[in-house]
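A.B. asks: Contents of my_file02.txt (compact mmCIF, C-alpha atoms) are given next:
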# COMPACT_ATOMS: atom_id res chain seq x y z
CA MET A 1 157.05 117.53 386.77
CA ASN A 2 159.18 116.16 383.97
CA SER A 3 159.33 112.42 384.60
CA LEU A 4 163.01 112.40 383.55
CA VAL A 5 163.98 114.74 386.39
CA GLN A 6 165.13 112.96 389.55
CA ARG A 7 164.79 115.27 392.55
CA ALA A 8 167.14 114.75 395.49
CA TYR A 9 166.01 114.21 399.06
CA ASN A 10 167.24 117.67 400.01
CA PHE A 11 168.01 118.27 403.71
CA ASN A 12 170.53 121.05 403.11
CA ALA A 13 170.70 123.58 405.94
CA GLY A 14 170.89 126.55 403.55
CA PRO A 15 170.59 127.35 400.76
CA SER A 16 167.84 124.81 401.13
CA ALA A 17 164.94 123.21 399.30
CA LEU A 18 162.56 125.38 397.30
CA PRO A 19 158.99 124.34 396.44
CA LEU A 20 158.93 122.39 393.18
CA ALA A 21 155.83 124.29 392.03
CA VAL A 22 157.73 127.57 392.43
CA LEU A 23 160.72 126.27 390.49
CA GLU A 24 158.45 125.08 387.70
CA LYS A 25 156.73 128.46 387.45
CA ALA A 26 160.06 130.29 387.46
CA LYS A 27 161.24 127.98 384.68
CA GLN A 28 158.21 128.87 382.58
CA GLU A 29 158.68 132.61 383.15
CA LEU A 30 162.46 132.67 382.96
CA ILE A 31 162.88 133.86 379.36
CA ASP A 32 159.70 135.90 378.90
CA PHE A 33 158.37 137.32 382.15
CA ARG A 34 154.66 137.98 381.74
CA GLY A 35 154.86 139.25 378.19
CA THR A 36 157.75 141.67 378.70
CA GLY A 37 160.04 139.77 376.34
CA MET A 38 162.66 139.77 379.09
CA SER A 39 163.59 137.65 382.07
CA VAL A 40 162.72 139.13 385.46
CA MET A 41 166.50 139.28 385.92
CA GLU A 42 166.67 141.70 382.97
CA LEU A 43 163.92 144.06 384.09
CA SER A 44 164.80 147.51 385.35
CA HIS A 45 164.17 147.72 389.07
CA ARG A 46 162.45 151.05 388.29
CA SER A 47 160.01 149.48 385.82
CA ALA A 48 156.30 149.00 386.48
CA ALA A 49 156.63 145.25 385.80
CA TYR A 50 159.24 144.83 388.54
CA GLU A 51 157.52 147.26 390.92
CA GLU A 52 154.47 144.98 390.89
CA VAL A 53 156.64 141.98 391.83
CA HIS A 54 158.36 143.93 394.60
CA ASN A 55 155.22 145.35 396.19
CA ASN A 56 153.33 142.07 395.90
CA ALA A 57 156.05 140.29 397.88
CA ILE A 58 155.83 142.92 400.63
CA ALA A 59 152.03 142.70 400.73
CA LEU A 60 152.06 138.89 400.91
CA LEU A 61 154.53 138.88 403.81
CA LYS A 62 152.42 141.41 405.69
CA GLU A 63 149.33 139.28 405.11
CA LEU A 64 150.84 135.91 406.03
CA LEU A 65 152.47 137.20 409.24
CA SER A 66 149.67 139.62 410.16
CA ILE A 67 152.23 142.41 410.39
CA PRO A 68 150.78 145.52 412.10
CA GLU A 69 150.54 148.84 410.25
CA ASN A 70 153.29 150.45 412.34
CA TYR A 71 155.95 148.16 410.82
CA GLU A 72 157.96 148.38 407.61
CA VAL A 73 159.02 145.39 405.51
CA LEU A 74 162.47 145.88 403.98
CA PHE A 75 164.45 143.83 401.46
CA LEU A 76 168.16 144.08 402.24
CA GLN A 77 171.37 142.35 401.21
CA GLY A 78 174.31 140.84 403.08
CA GLY A 79 172.38 138.05 404.79
CA GLY A 80 171.79 137.71 408.51
CA SER A 81 175.52 138.18 409.00
CA LEU A 82 175.40 141.83 407.93
CA GLN A 83 172.49 142.36 410.31
CA PHE A 84 174.82 141.31 413.14
CA SER A 85 176.64 144.61 412.45
CA MET A 86 173.76 146.81 411.31
CA VAL A 87 171.74 146.23 414.49
CA PRO A 88 174.31 147.59 416.98
CA MET A 89 175.52 150.21 414.50
CA ASN A 90 172.00 151.65 414.27
CA PHE A 91 170.65 151.09 417.76
CA MET A 92 173.43 150.83 420.39
CA LYS A 93 174.50 154.39 421.06
CA PRO A 94 177.68 155.33 422.99
CA GLY A 95 177.31 154.55 426.68
CA GLU A 96 174.42 152.11 426.13
CA LYS A 97 174.35 148.39 426.76
CA ALA A 98 172.56 145.69 424.77
CA GLY A 99 171.66 142.24 426.01
CA TYR A 100 172.29 139.09 423.97
CA ILE A 101 170.62 135.76 424.75
CA MET A 102 173.21 133.14 423.88
CA THR A 103 171.81 129.91 422.44
CA GLY A 104 174.31 128.92 419.78
CA SER A 105 176.92 129.82 417.19
CA TRP A 106 174.85 132.50 415.47
CA SER A 107 174.21 134.24 418.79
CA GLU A 108 177.96 134.19 419.35
CA LYS A 109 178.63 135.74 415.95
CA ALA A 110 176.03 138.46 416.53
CA PHE A 111 177.55 139.21 419.96
CA SER A 112 181.08 139.43 418.53
CA GLU A 113 179.97 142.01 415.98
CA ALA A 114 178.15 144.05 418.64
CA LYS A 115 181.37 144.31 420.66
CA LEU A 116 182.84 146.38 417.84
CA PHE A 117 180.26 149.13 418.38
CA GLY A 118 179.43 149.23 422.08
CA ASP A 119 179.04 147.31 425.30
CA PRO A 120 176.91 144.17 424.82
CA TYR A 121 176.54 141.56 427.55
CA HIS A 122 175.13 138.06 427.96
CA VAL A 123 171.57 138.10 429.32
CA VAL A 124 171.90 134.34 429.74
CA SER A 125 173.88 131.59 428.01
CA THR A 126 173.20 127.88 427.62
CA LYS A 127 176.72 127.17 426.40
CA GLU A 128 177.53 125.22 429.58
CA SER A 129 175.02 122.59 428.42
CA GLN A 130 176.50 122.56 424.88
CA TYR A 131 173.55 124.66 423.72
CA ARG A 132 171.13 121.79 424.22
CA ARG A 133 168.29 123.99 425.44
CA ILE A 134 166.46 127.29 425.19
CA PRO A 135 166.51 129.27 428.47
CA GLN A 136 163.41 129.74 430.59
CA PHE A 137 161.88 133.20 430.77
CA ASP A 138 162.79 133.51 434.47
CA GLU A 139 166.47 133.17 433.54
CA LEU A 140 166.38 136.37 431.49
CA GLN A 141 167.93 139.09 433.63
CA TYR A 142 168.36 142.33 431.72
CA ASN A 143 168.42 146.07 432.34
CA PRO A 144 165.39 148.31 431.68
CA THR A 145 167.78 150.85 430.15
CA ASP A 146 169.23 148.44 427.57
CA ALA A 147 169.29 149.60 423.97
CA TYR A 148 167.75 146.26 422.97
CA ILE A 149 167.64 142.53 423.68
CA HIS A 150 168.73 140.18 420.89
CA LEU A 151 167.84 136.51 420.42
CA THR A 152 168.13 133.82 417.74
CA SER A 153 164.77 132.11 417.31
CA ASN A 154 166.07 128.82 415.89
CA ASN A 155 169.55 127.38 416.19
CA THR A 156 170.44 125.46 413.05
CA ILE A 157 173.66 123.91 414.33
CA TYR A 158 172.34 122.64 417.66
CA GLY A 159 168.71 121.97 416.71
CA THR A 160 166.95 124.10 419.32
CA GLN A 161 164.06 126.53 418.86
CA TRP A 162 162.11 129.03 420.94
CA LYS A 163 158.49 127.86 421.37
CA ASP A 164 157.33 131.27 422.58
CA PHE A 165 159.02 134.61 423.06
CA PRO A 166 159.49 136.86 426.09
CA VAL A 167 157.78 140.21 426.53
CA THR A 168 160.48 142.82 427.17
CA GLY A 169 158.33 145.88 427.77
CA ASP A 170 160.03 149.15 426.82
CA VAL A 171 163.26 147.40 425.85
CA PRO A 172 163.19 146.63 422.09
CA LEU A 173 163.31 142.91 421.33
CA ILE A 174 165.27 142.00 418.18
CA ALA A 175 165.31 138.53 416.63
CA ASP A 176 167.31 136.69 414.02
CA MET A 177 164.64 134.42 412.49
CA SER A 178 166.66 133.33 409.48
CA SER A 179 165.98 129.63 409.91
CA ASP A 180 162.37 129.42 411.12
CA ILE A 181 160.45 132.47 409.93
CA LEU A 182 157.02 131.47 408.57
CA SER A 183 157.35 127.95 409.99
CA LYS A 184 154.89 128.63 412.83
CA PRO A 185 152.70 131.52 414.01
CA PHE A 186 154.08 134.19 416.34
CA ASP A 187 153.14 137.67 417.49
CA VAL A 188 155.12 140.18 415.44
CA SER A 189 154.18 142.97 417.86
CA LYS A 190 156.47 141.45 420.54
CA PHE A 191 159.44 142.55 418.44
CA SER A 192 160.88 145.87 417.37
CA LEU A 193 162.97 144.24 414.63
CA ILE A 194 162.95 140.81 413.01
CA TYR A 195 165.48 139.90 410.35
CA ALA A 196 165.88 136.76 408.26
CA GLY A 197 168.03 135.59 405.42
CA ALA A 198 165.71 134.18 402.76
CA GLN A 199 167.68 131.04 401.90
CA LYS A 200 166.03 128.63 404.32
CA ASN A 201 162.26 129.29 404.42
CA LEU A 202 161.60 132.27 402.15
CA GLY A 203 163.45 131.81 398.87
CA PRO A 204 166.95 131.72 397.40
CA SER A 205 170.05 133.24 398.93
CA GLY A 206 170.76 136.91 398.34
CA VAL A 207 167.72 138.52 399.97
CA THR A 208 167.39 139.48 403.62
CA VAL A 209 164.00 140.42 405.01
CA ALA A 210 163.71 142.95 407.84
CA ILE A 211 160.45 143.66 409.63
CA ILE A 212 161.01 146.78 411.67
CA ARG A 213 158.85 149.04 413.81
CA LYS A 214 158.69 152.54 412.36
CA ASP A 215 159.46 154.29 415.64
CA LEU A 216 162.67 152.25 416.01
CA ILE A 217 163.87 153.49 412.61
CA GLU A 218 163.38 157.07 413.82
CA LYS A 219 165.58 156.43 416.88
CA ALA A 220 168.52 155.05 414.91
CA ASN A 221 171.99 156.57 414.84
CA PRO A 222 172.13 158.97 411.85
CA ASN A 223 175.94 159.06 411.70
CA ILE A 224 176.59 155.82 409.86
CA PRO A 225 177.11 154.97 406.16
CA THR A 226 174.06 155.45 403.97
CA MET A 227 173.63 151.83 402.91
CA LEU A 228 173.82 150.64 406.53
CA LYS A 229 170.91 152.80 407.71
CA TYR A 230 167.49 151.15 407.93
CA SER A 231 166.02 154.59 407.23
CA THR A 232 167.65 154.66 403.79
CA HIS A 233 165.82 151.52 402.74
CA SER A 234 162.59 152.48 404.47
CA LYS A 235 162.38 155.86 402.72
CA ASN A 236 163.01 154.26 399.34
CA ASN A 237 160.80 151.14 399.56
CA SER A 238 164.02 149.04 399.50
CA LEU A 239 164.85 150.51 396.07
CA TYR A 240 167.60 152.96 397.03
CA ASN A 241 170.02 150.88 394.97
CA THR A 242 169.49 147.88 392.69
CA PRO A 243 167.94 145.14 394.82
CA PRO A 244 168.35 141.38 394.18
CA THR A 245 165.39 141.39 391.82
CA PHE A 246 165.32 137.70 390.92
CA GLY A 247 165.59 136.70 394.58
CA ILE A 248 162.68 138.99 395.51
CA TYR A 249 160.64 137.56 392.64
CA MET A 250 161.31 134.04 393.93
CA LEU A 251 160.52 135.10 397.49
CA GLY A 252 157.16 136.42 396.31
CA GLU A 253 156.42 133.14 394.53
CA VAL A 254 157.28 131.15 397.68
CA LEU A 255 154.92 133.38 399.67
CA SER A 256 152.18 132.79 397.08
CA TRP A 257 152.79 129.03 397.43
CA ILE A 258 152.42 129.32 401.21
CA LYS A 259 149.18 131.24 400.82
CA GLU A 260 147.81 128.60 398.44
CA LEU A 261 148.68 125.86 400.94
CA GLY A 262 146.50 127.59 403.53
CA GLY A 263 148.94 129.99 405.13
CA ILE A 264 151.14 129.71 408.18
CA HIS A 265 148.79 127.49 410.20
CA ALA A 266 148.68 124.87 407.43
CA LEU A 267 152.48 125.01 407.19
CA THR A 268 152.83 124.53 410.95
CA GLU A 269 150.72 121.38 410.86
CA ARG A 270 152.80 120.06 407.97
CA ASN A 271 156.09 120.92 409.68
CA GLU A 272 155.02 119.18 412.90
CA GLU A 273 154.09 116.03 410.97
CA LYS A 274 157.42 116.02 409.11
CA ALA A 275 159.52 116.50 412.23
CA LYS A 276 157.53 113.86 414.12
CA LEU A 277 158.53 111.20 411.59
CA ILE A 278 162.24 111.71 412.25
CA TYR A 279 162.03 112.36 415.99
CA GLU A 280 160.07 109.13 416.40
CA ALA A 281 162.79 107.22 414.58
CA ILE A 282 165.27 108.67 417.10
CA ASP A 283 163.12 108.20 420.22
CA GLN A 284 162.07 104.64 419.38
CA SER A 285 165.62 103.46 418.59
CA ASN A 286 166.51 102.49 422.20
CA GLY A 287 169.64 104.63 422.08
CA PHE A 288 170.85 103.63 418.63
CA TYR A 289 170.19 107.25 417.69
CA PHE A 290 170.20 110.07 420.25
CA GLY A 291 169.28 113.72 419.80
CA HIS A 292 171.39 116.71 420.76
CA ALA A 293 168.60 119.05 421.90
CA GLU A 294 166.59 118.58 425.08
CA VAL A 295 163.09 117.41 424.17
CA GLU A 296 161.27 120.60 425.20
CA SER A 297 163.70 122.71 423.12
CA ARG A 298 163.66 120.63 419.95
CA SER A 299 163.51 122.43 416.63
CA LEU A 300 160.93 121.71 413.92
CA MET A 301 163.43 122.96 411.35
CA ASN A 302 166.77 121.33 412.20
CA ILE A 303 166.80 117.84 413.70
CA THR A 304 170.25 117.12 415.12
CA PHE A 305 171.32 113.67 416.32
CA ARG A 306 174.14 111.17 416.64
CA VAL A 307 174.50 107.45 415.96
CA LYS A 308 175.57 105.34 418.93
CA ASP A 309 179.20 104.94 417.85
CA GLU A 310 181.53 106.83 415.55
CA GLU A 311 182.14 104.10 412.98
CA LEU A 312 178.42 103.39 412.62
CA GLU A 313 177.80 107.11 412.22
CA LYS A 314 180.27 107.28 409.33
CA LYS A 315 178.57 104.28 407.74
CA PHE A 316 175.14 105.84 408.28
CA LEU A 317 176.15 109.07 406.56
CA ALA A 318 177.81 107.24 403.67
CA GLU A 319 174.77 105.03 403.06
CA ALA A 320 172.39 107.97 403.39
CA LYS A 321 174.33 109.74 400.65
CA LYS A 322 174.14 106.66 398.41
CA GLU A 323 170.37 106.55 398.90
CA GLY A 324 170.05 110.15 397.67
CA PHE A 325 169.73 111.99 401.00
CA VAL A 326 171.61 115.27 400.62
CA GLY A 327 172.89 117.53 403.41
CA VAL A 328 172.53 115.06 406.30
CA ASN A 329 175.99 115.69 407.77
CA GLY A 330 175.96 117.85 410.90
CA HIS A 331 177.57 121.28 410.83
CA ARG A 332 181.36 121.07 410.46
CA SER A 333 181.81 122.65 413.92
CA VAL A 334 179.96 119.89 415.81
CA GLY A 335 179.74 116.85 413.51
CA GLY A 336 176.99 114.28 413.85
CA CYS A 337 173.86 114.23 411.71
CA ARG A 338 171.27 116.84 410.85
CA ALA A 339 168.04 116.82 408.85
CA SER A 340 166.86 120.32 407.98
CA THR A 341 163.12 120.07 407.40
CA TYR A 342 162.32 123.58 406.21
CA ASN A 343 158.93 124.60 404.82
CA ALA A 344 159.62 123.43 401.27
CA VAL A 345 160.97 119.99 402.23
CA PRO A 346 158.19 117.56 401.27
CA TYR A 347 156.56 115.19 403.75
CA GLU A 348 157.58 112.31 401.47
CA THR A 349 161.28 113.24 401.84
CA CYS A 350 161.02 113.09 405.65
CA LYS A 351 159.09 109.82 405.51
CA ALA A 352 161.72 108.25 403.25
CA PHE A 353 164.48 109.36 405.62
CA SER A 354 162.73 108.03 408.73
CA GLU A 355 162.23 104.69 406.99
CA PHE A 356 165.91 104.65 406.02
CA MET A 357 166.86 105.33 409.65
CA VAL A 358 164.76 102.40 410.89
CA GLN A 359 166.11 100.09 408.21
CA PHE A 360 169.71 101.09 408.95
CA GLN A 361 169.17 100.41 412.65
CA ASN A 362 167.63 97.00 411.98
CA VAL A 363 170.60 95.93 409.89
CA ASN A 364 173.33 97.38 412.11
CA GLN A 365 172.24 97.17 415.73
Please go through the file and, once you have read it, give me the structure as structure tokens.

C.D. replies:
Amino acid sequence: MNSLVQRAYNFNAGPSALPLAVLEKAKQELIDFRGTGMSVMELSHRSAAYEEVHNNAIALLKELLSIPENYEVLFLQGGGSLQFSMVPMNFMKPGEKAGYIMTGSWSEKAFSEAKLFGDPYHVVSTKESQYRRIPQFDELQYNPTDAYIHLTSNNTIYGTQWKDFPVTGDVPLIADMSSDILSKPFDVSKFSLIYAGAQKNLGPSGVTVAIIRKDLIEKANPNIPTMLKYSTHSKNNSLYNTPPTFGIYMLGEVLSWIKELGGIHALTERNEEKAKLIYEAIDQSNGFYFGHAEVESRSLMNITFRVKDEELEKKFLAEAKKEGFVGVNGHRSVGGCRASTYNAVPYETCKAFSEFMVQFQNVNQ
């Protein structure tokens, strides 16, 4: 890295940190992409040079997540928020119900969109506990005739995360994994559809990944706009219209970086070590700091906490900013503090923040 470049301690919740090695490679290839004399942003999405980038990204994702052969990988646009509409539009037919597991603000947004297209209901909600926990499997009461069950795997605002996922049998399970995909291993075959905005763990904003079972695509409602059909993108290898080519290129480079690190298991070990640094600073503070999430529901990706009084919290956030820690304020809807420790956030950044937390406590308790 150029010694004149000072990198921030980036805890932004999204768009979030990208691996420095990926940024450096993109910088080198920005003007002349692999001898084409053009930037990857200038390549035709129908060209052989771009097609290689596109297909390599799909192949890497299939490899890293051990995606079964009966699934398609799609690159879409509109973020997770558009998926909130596309899911019920495609899969909740008139007269059908769909169950939503409510664990935070993004579950609420997904549910609100579903109400525009059919009759969704709450399978279970942890709102009464201020979304401090993930529900137990025995709390999930749903109908065997439901069109699907929807969950949010990681809740960025409240700092909770599913550790394992339910088996829903013949009812399709659909997950928004925007904020923790590729952070830990999971069984793709439990799901009929997984979607994730790229801007937290996969790459820059502008790309949405969908991993969808082929038989679910075949069951979708055909009477919806062309661009909102999963089948449109499946039939055209996500090239029906011009895709976000630079974002997909960057996504592929992030996936290559993950593979070089040792894959998802190596990332999980790293993520656990990073989160442990900050959770220990909270847990060993004797109440000076206190977390929002119940311990068994804590997220490895978004660590949410408060300082023991409001004035000290303001001081903490102001001093953290002066020390170069970016994005530590909690979400505007809940306040407090939040450290988002996504895959590309270095161990050293988390260590520096935990040391700052301890130092701040020692001076101000």

A.B. asks: Have a look at atom CA of A:Lys62 and atom CA of A:Leu228 and let me know their distance in Å, one decimal.

C.D. replies: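 If I compute the distance from atom CA of A:Lys62 to atom CA of A:Leu228, I get 23.3 Å.
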
A.B. asks: Just how far from atom CA of A:Lys200 is atom CA of A:Asp180, in Å to one decimal?

C.D. replies: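 Separating atom CA of A:Asp180 from atom CA of A:Lys200 is a distance of 7.8 Å.
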
A.B. asks: What's around stretch 299-309 of chain A at 6 Å? Count only C-alpha atoms, leave out sequence neighbours fewer than 6 positions away in its own chain, and write the answer as JSON, numbers by chain.

C.D. replies: {"A": [156, 159, 160, 161, 275, 288, 289, 290, 291, 292, 336, 337, 338, 339, 340, 341, 342]}

A.B. asks: Report as a list in words all protein, DNA and RNA residues lying within 10 Å of A:Lys229, evaluated on only C-alpha atoms, omitting residues in the same chain fewer than 6 positions from it.

C.D. replies: Met86, Val87, Met89, Asn90, Ile217, Ala220, Asn221, Pro222 and Asn223 of chain A

A.B. asks: Taking only C-alpha atoms into account, which of A:Asn56, A:Ser39, A:Gln199, A:Thr208 comes nearest A:Leu82?

C.D. replies: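 Closest to A:Leu82, using only C-alpha atoms: A:Thr208.
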
A.B. asks: How many Å separate atom CA of A:Ser179 from atom CA of A:Glu260?

C.D. replies: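 A separation of 21.5 Å between them.
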
A.B. asks: With distances taken over only C-alpha atoms, which residue among A:His45, A:Arg7, A:Lys93, A:Lys25 lies nearest A:Ser256?

C.D. replies: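 The closest residue to A:Ser256 is A:Lys25.
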
A.B. asks: Given the choices A:Leu20, A:Thr103, A:Tyr142, A:Gly247, which gets closest to A:Asp176 if the distance is worked out from all atoms listed in the file?

C.D. replies: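 The shortest atom-to-atom distance to A:Asp176 comes from A:Thr103.
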
A.B. asks: Taking all atoms listed in the file into account, which of A:Thr349, A:Asn236, A:Lys315, A:Met357 comes nearest A:Ser285?

C.D. replies: A:Met357

A.B. asks: With all atoms listed in the file as the counted atoms, please give the residues lying no more than 9 Å from A:Gly169, apart from itself and same-chain residues fewer than 3 positions off, as a ChimeraX atom specification.

C.D. replies: /A:144,172-173,190

A.B. asks: Select, from A:Leu277, A:Gln284, A:Lys219, A:Val295, the residue with the minimum atom-to-atom distance to A:Phe353, counting only C-alpha atoms.

C.D. replies: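 Between A:Leu277, A:Gln284, A:Lys219, A:Val295, the residue approaching A:Phe353 most closely is A:Leu277.
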
A.B. asks: Restricting the calculation to all atoms listed in the file: of A:Asn237, A:Ser105, A:Asn10, A:Ser85, which residue gets closest to A:Phe117?

C.D. replies: A:Ser85
